[in-house]
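Chemist: What follows is work-v1.tsv, made up of TSV, C-alpha atoms:
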chain	number	residue	atom	x	y	z
A	22	MET	CA	39.80	35.82	25.50
A	23	ARG	CA	39.48	33.94	22.25
A	24	LYS	CA	42.93	32.55	22.72
A	25	TYR	CA	42.01	31.03	26.10
A	26	PHE	CA	38.74	29.66	24.75
A	27	LEU	CA	40.51	27.92	21.85
A	28	LEU	CA	43.20	26.54	24.17
A	29	SER	CA	40.58	25.16	26.58
A	30	ALA	CA	38.59	23.60	23.71
A	31	VAL	CA	41.72	21.89	22.36
A	32	ALA	CA	42.66	20.71	25.86
A	33	LEU	CA	39.14	19.34	26.41
A	34	LEU	CA	39.22	17.42	23.11
A	35	ALA	CA	42.66	16.04	23.88
A	36	ALA	CA	41.54	14.93	27.34
A	37	THR	CA	38.38	13.28	25.95
A	38	SER	CA	40.22	11.27	23.29
A	39	ALA	CA	42.87	10.25	25.80
A	40	ASN	CA	40.21	8.72	28.06
A	41	ALA	CA	38.21	7.10	25.20
A	42	LYS	CA	37.28	3.44	25.48
A	43	THR	CA	37.16	1.13	22.43
A	44	ASP	CA	34.87	-1.91	22.31
A	45	TYR	CA	34.93	-4.57	19.62
A	46	ALA	CA	33.36	-7.87	18.70
A	47	GLU	CA	34.36	-10.73	16.46
A	48	VAL	CA	31.59	-12.22	14.33
A	49	THR	CA	31.80	-15.63	12.69
A	50	ALA	CA	29.58	-16.50	9.74
A	51	LYS	CA	28.97	-20.06	8.58
A	52	ALA	CA	27.02	-21.76	5.76
A	53	THR	CA	26.45	-25.34	4.69
A	54	ILE	CA	25.81	-25.85	0.99
A	55	GLU	CA	24.06	-28.85	-0.51
A	56	VAL	CA	23.74	-29.34	-4.25
A	57	ALA	CA	20.41	-30.69	-5.54
A	58	THR	CA	19.39	-32.13	-8.88
A	59	LYS	CA	16.13	-30.79	-10.27
A	60	TYR	CA	13.76	-33.48	-11.57
A	61	GLY	CA	10.71	-32.94	-13.72
A	62	CYS	CA	7.20	-34.09	-12.90
A	63	ASP	CA	4.02	-34.38	-14.93
A	64	GLU	CA	1.37	-31.77	-14.26
A	65	LEU	CA	-1.66	-32.81	-12.25
A	66	ASN	CA	-4.82	-31.64	-13.94
A	67	LEU	CA	-8.09	-31.70	-12.04
A	68	GLY	CA	-9.88	-30.72	-15.24
A	69	LYS	CA	-13.13	-28.81	-15.21
A	70	ILE	CA	-15.08	-29.18	-11.97
A	71	VAL	CA	-18.67	-27.94	-12.03
A	72	VAL	CA	-20.32	-27.34	-8.65
A	73	LYS	CA	-23.70	-26.05	-7.54
A	74	LYS	CA	-24.02	-22.34	-6.73
A	75	ASN	CA	-23.70	-21.62	-2.96
A	76	ASN	CA	-22.20	-25.08	-2.44
A	77	ALA	CA	-21.35	-26.50	0.97
A	78	GLU	CA	-17.78	-27.73	1.51
A	79	PHE	CA	-17.37	-31.24	0.11
A	80	THR	CA	-14.77	-33.84	-0.83
A	81	PHE	CA	-14.71	-36.16	-3.82
A	82	SER	CA	-12.37	-38.72	-5.31
A	83	GLU	CA	-12.07	-40.57	-8.60
A	84	ALA	CA	-13.92	-43.49	-7.01
A	85	ASP	CA	-16.62	-41.43	-5.29
A	86	GLN	CA	-18.13	-38.42	-7.07
A	87	SER	CA	-21.58	-38.76	-5.54
A	88	ASP	CA	-21.74	-35.56	-3.48
A	89	ASP	CA	-24.89	-33.45	-4.08
A	90	ASN	CA	-22.74	-30.31	-4.52
A	91	LEU	CA	-20.77	-31.83	-7.42
A	92	ILE	CA	-22.35	-31.62	-10.88
A	93	SER	CA	-19.48	-32.97	-13.02
A	94	VAL	CA	-15.73	-33.47	-13.41
A	95	GLU	CA	-14.35	-33.35	-16.97
A	96	ASN	CA	-10.86	-33.95	-18.41
A	97	ASN	CA	-9.47	-35.10	-15.10
A	98	ILE	CA	-5.84	-36.34	-15.51
A	99	LEU	CA	-4.30	-37.33	-12.20
A	100	ASP	CA	-1.72	-39.90	-13.25
A	101	LEU	CA	1.43	-38.24	-11.96
A	102	HIS	CA	4.96	-39.44	-12.60
A	103	CYS	CA	8.22	-37.77	-11.66
A	104	GLU	CA	11.74	-38.46	-12.81
A	105	GLY	CA	14.34	-40.10	-10.62
A	106	PRO	CA	13.88	-40.79	-6.93
A	107	LEU	CA	10.65	-38.77	-6.68
A	108	ASP	CA	8.48	-41.43	-8.34
A	109	PRO	CA	5.99	-42.33	-6.92
A	110	ILE	CA	5.04	-39.37	-4.75
A	111	ILE	CA	2.54	-38.53	-2.06
A	112	ALA	CA	1.54	-34.87	-2.13
A	113	ASN	CA	-0.83	-32.43	-0.45
A	114	ILE	CA	-1.29	-29.36	-2.63
A	115	ASP	CA	-3.32	-26.20	-1.99
A	116	LEU	CA	-4.80	-24.72	-5.17
A	117	LYS	CA	-5.52	-20.99	-4.99
A	118	ASN	CA	-7.07	-18.31	-7.14
A	119	PRO	CA	-5.62	-14.77	-6.79
A	120	ASP	CA	-9.12	-13.34	-7.27
A	121	ALA	CA	-10.50	-15.42	-4.35
A	122	PRO	CA	-7.64	-15.73	-1.82
A	123	ASP	CA	-9.91	-17.06	0.94
A	124	LYS	CA	-11.03	-20.05	-1.21
A	125	VAL	CA	-8.52	-22.93	-1.28
A	126	ILE	CA	-9.01	-26.27	-3.02
A	127	LYS	CA	-7.16	-29.09	-1.21
A	128	LEU	CA	-5.70	-31.92	-3.30
A	129	ASN	CA	-4.34	-35.02	-1.57
A	130	TYR	CA	-2.55	-37.31	-4.02
A	131	ASP	CA	-1.06	-40.75	-3.35
A	132	GLY	CA	1.08	-41.81	-6.29
A	133	ILE	CA	1.65	-45.27	-4.85
A	134	SER	CA	-2.00	-46.26	-5.20
A	135	ALA	CA	-2.91	-43.53	-7.78
A	136	TRP	CA	-5.59	-42.39	-5.32
A	137	TYR	CA	-6.65	-38.81	-4.70
A	138	THR	CA	-9.20	-36.68	-2.88
A	139	VAL	CA	-10.22	-33.12	-3.70
A	140	THR	CA	-11.84	-30.86	-1.11
A	141	ILE	CA	-13.81	-27.92	-2.46
A	142	PRO	CA	-14.51	-25.08	0.03
A	143	ALA	CA	-18.02	-23.71	0.62
A	144	ASN	CA	-19.24	-21.03	-1.79
A	145	ILE	CA	-16.32	-21.57	-4.16
A	146	THR	CA	-15.66	-18.75	-6.62
A	147	ALA	CA	-15.44	-19.58	-10.34
A	148	GLY	CA	-11.99	-19.25	-11.91
A	149	GLU	CA	-8.61	-20.90	-12.41
A	150	TYR	CA	-7.03	-22.45	-9.32
A	151	SER	CA	-3.42	-23.62	-9.19
A	152	GLY	CA	-0.78	-24.57	-6.70
A	153	THR	CA	2.82	-25.70	-6.54
A	154	ILE	CA	4.80	-27.70	-4.04
A	155	THR	CA	8.50	-28.43	-3.82
A	156	MET	CA	9.50	-31.96	-2.90
A	157	THR	CA	12.97	-32.90	-1.75
A	158	VAL	CA	14.66	-36.26	-1.36
A	159	VAL	CA	17.61	-36.39	1.01
A	160	ASP	CA	20.20	-39.13	0.43
A	161	GLU	CA	22.17	-39.80	3.56
As structure tokens, please, write out the structure in this file.
Modeler:
Amino acid sequence: MRKYFLLSAVALLAATSANAKTDYAEVTAKATIEVATKYGCDELNLGKIVVKKNNAEFTFSEADQSDDNLISVENNILDLHCEGPLDPIIANIDLKNPDAPDKVIKLNYDGISAWYTVTIPANITAGEYSGTITMTVVDE
């Protein structure tokens, strides 16, 4: 009985592999590489900004710091220069604090006219805020 069972199992396996179907696919991968030069830029420093507790959202600039929510701005250095083709720049940068992720300071900087605006969100949390952007120049 075992002999017949083994013979039928071998016959079944042989029949299955004889009727097997093989599928295949060819995959093509492609990449385009561009090489970029990294240029350095000065750091923008908004300095120390003192605002009233429970402030409303407000915007100020170097020319207009008259908002009632703004007490003072100290050590503000916003004269940005970059090397190479990135000078002058126009940038919009979000400054964030990891301890207050829902509070974002918006900096809009125009290096052509050396003009900027800073928007402070309502009920800002005290702390260090920073942000980084990557600018690219494409030569065609």
Chemist: Show me, as a ChimeraX atom specification, the residues that have an atom within 10 Å of A:Glu78 when counting only C-alpha atoms, minus same-chain residues fewer than 5 positions from it.
Modeler: /A:90,126,140-145
Chemist: Taking all atoms listed in the file into account, which of A:Lys124, A:Thr146, A:Thr157, A:Lys51 comes nearest A:Val71?
Modeler: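 Using all atoms listed in the file, the shortest distance to A:Val71 belongs to A:Thr146.
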Chemist: Restricting the calculation to only C-alpha atoms, which member of A:Asp85, A:Lys59, A:Val125, A:Asn113 is positioned closest to A:Glu149?
Modeler: A:Val125
Chemist: In Å, how far is it from atom CA of A:Ile92 to atom CA of A:Val72?
Modeler: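 Going from atom CA of A:Ile92 over to atom CA of A:Val72, I get 5.2 Å.
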Chemist: Residues within 12 Å of A:Lys127, please, as a list in words. Count all atoms listed in the file; anything in the same chain fewer than 3 positions from it doesn't count.
Modeler: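 Listed by chain and then number, they are Leu67, Glu78, Phe79, Thr80, Phe81, Ser82, Ala112, Asn113, Ile114, Asp115, Leu116, Lys117, Lys124, Tyr130, Tyr137, Thr138, Val139, Thr140, Ile141, Pro142, Tyr150, Ser151, Gly152 and Thr153 of chain A.
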Chemist: Using C-alpha atoms, can you export the residues from the last selection as an mmCIF file, in the coordinates of the input?
Modeler:
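Here's the written file out.cif:
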data_model
loop_
_atom_site.group_PDB
_atom_site.id
_atom_site.type_symbol
_atom_site.label_atom_id
_atom_site.label_comp_id
_atom_site.auth_asym_id
_atom_site.auth_seq_id
_atom_site.Cartn_x
_atom_site.Cartn_y
_atom_site.Cartn_z
ATOM 1 C CA LEU A 67 -8.090 -31.700 -12.040
ATOM 2 C CA GLU A 78 -17.780 -27.730 1.510
ATOM 3 C CA PHE A 79 -17.370 -31.240 0.110
ATOM 4 C CA THR A 80 -14.770 -33.840 -0.830
ATOM 5 C CA PHE A 81 -14.710 -36.160 -3.820
ATOM 6 C CA SER A 82 -12.370 -38.720 -5.310
ATOM 7 C CA ALA A 112 1.540 -34.870 -2.130
ATOM 8 C CA ASN A 113 -0.830 -32.430 -0.450
ATOM 9 C CA ILE A 114 -1.290 -29.360 -2.630
ATOM 10 C CA ASP A 115 -3.320 -26.200 -1.990
ATOM 11 C CA LEU A 116 -4.800 -24.720 -5.170
ATOM 12 C CA LYS A 117 -5.520 -20.990 -4.990
ATOM 13 C CA LYS A 124 -11.030 -20.050 -1.210
ATOM 14 C CA TYR A 130 -2.550 -37.310 -4.020
ATOM 15 C CA TYR A 137 -6.650 -38.810 -4.700
ATOM 16 C CA THR A 138 -9.200 -36.680 -2.880
ATOM 17 C CA VAL A 139 -10.220 -33.120 -3.700
ATOM 18 C CA THR A 140 -11.840 -30.860 -1.110
ATOM 19 C CA ILE A 141 -13.810 -27.920 -2.460
ATOM 20 C CA PRO A 142 -14.510 -25.080 0.030
ATOM 21 C CA TYR A 150 -7.030 -22.450 -9.320
ATOM 22 C CA SER A 151 -3.420 -23.620 -9.190
ATOM 23 C CA GLY A 152 -0.780 -24.570 -6.700
ATOM 24 C CA THR A 153 2.820 -25.700 -6.540
#
Chemist: What separation in Å, quoted to one decimal, exists between atom CA of A:Gly148 and atom CA of A:Asp123?
Modeler: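 Between atom CA of A:Gly148 and atom CA of A:Asp123 the gap is 13.2 Å.
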Chemist: What is the atom CA of A:Glu64 to atom CA of A:Ala84 distance in Å?
Modeler: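 Atom-to-atom, atom CA of A:Glu64 to atom CA of A:Ala84, that is 20.6 Å.
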Chemist: If we count only C-alpha atoms and set the cut-off at 6 Å, which residues sit around A:Asn66, ignoring sequence neighbours fewer than 2 positions away in its own chain? Please answer as a PyMOL selection string.
Modeler: chain A and resi 68+97-99
Chemist: Enclose the full set of atoms of stretch 65-75 of chain A listed in the file within a box whose edges lie along x, y and z, apply 4 Å of padding to each of the six sides, and report centre and edge lengths in Å to one decimal as JSON.
Modeler:
{"center_x": -12.8, "center_y": -27.2, "center_z": -9.1, "size_x": 30.4, "size_y": 19.2, "size_z": 20.3}
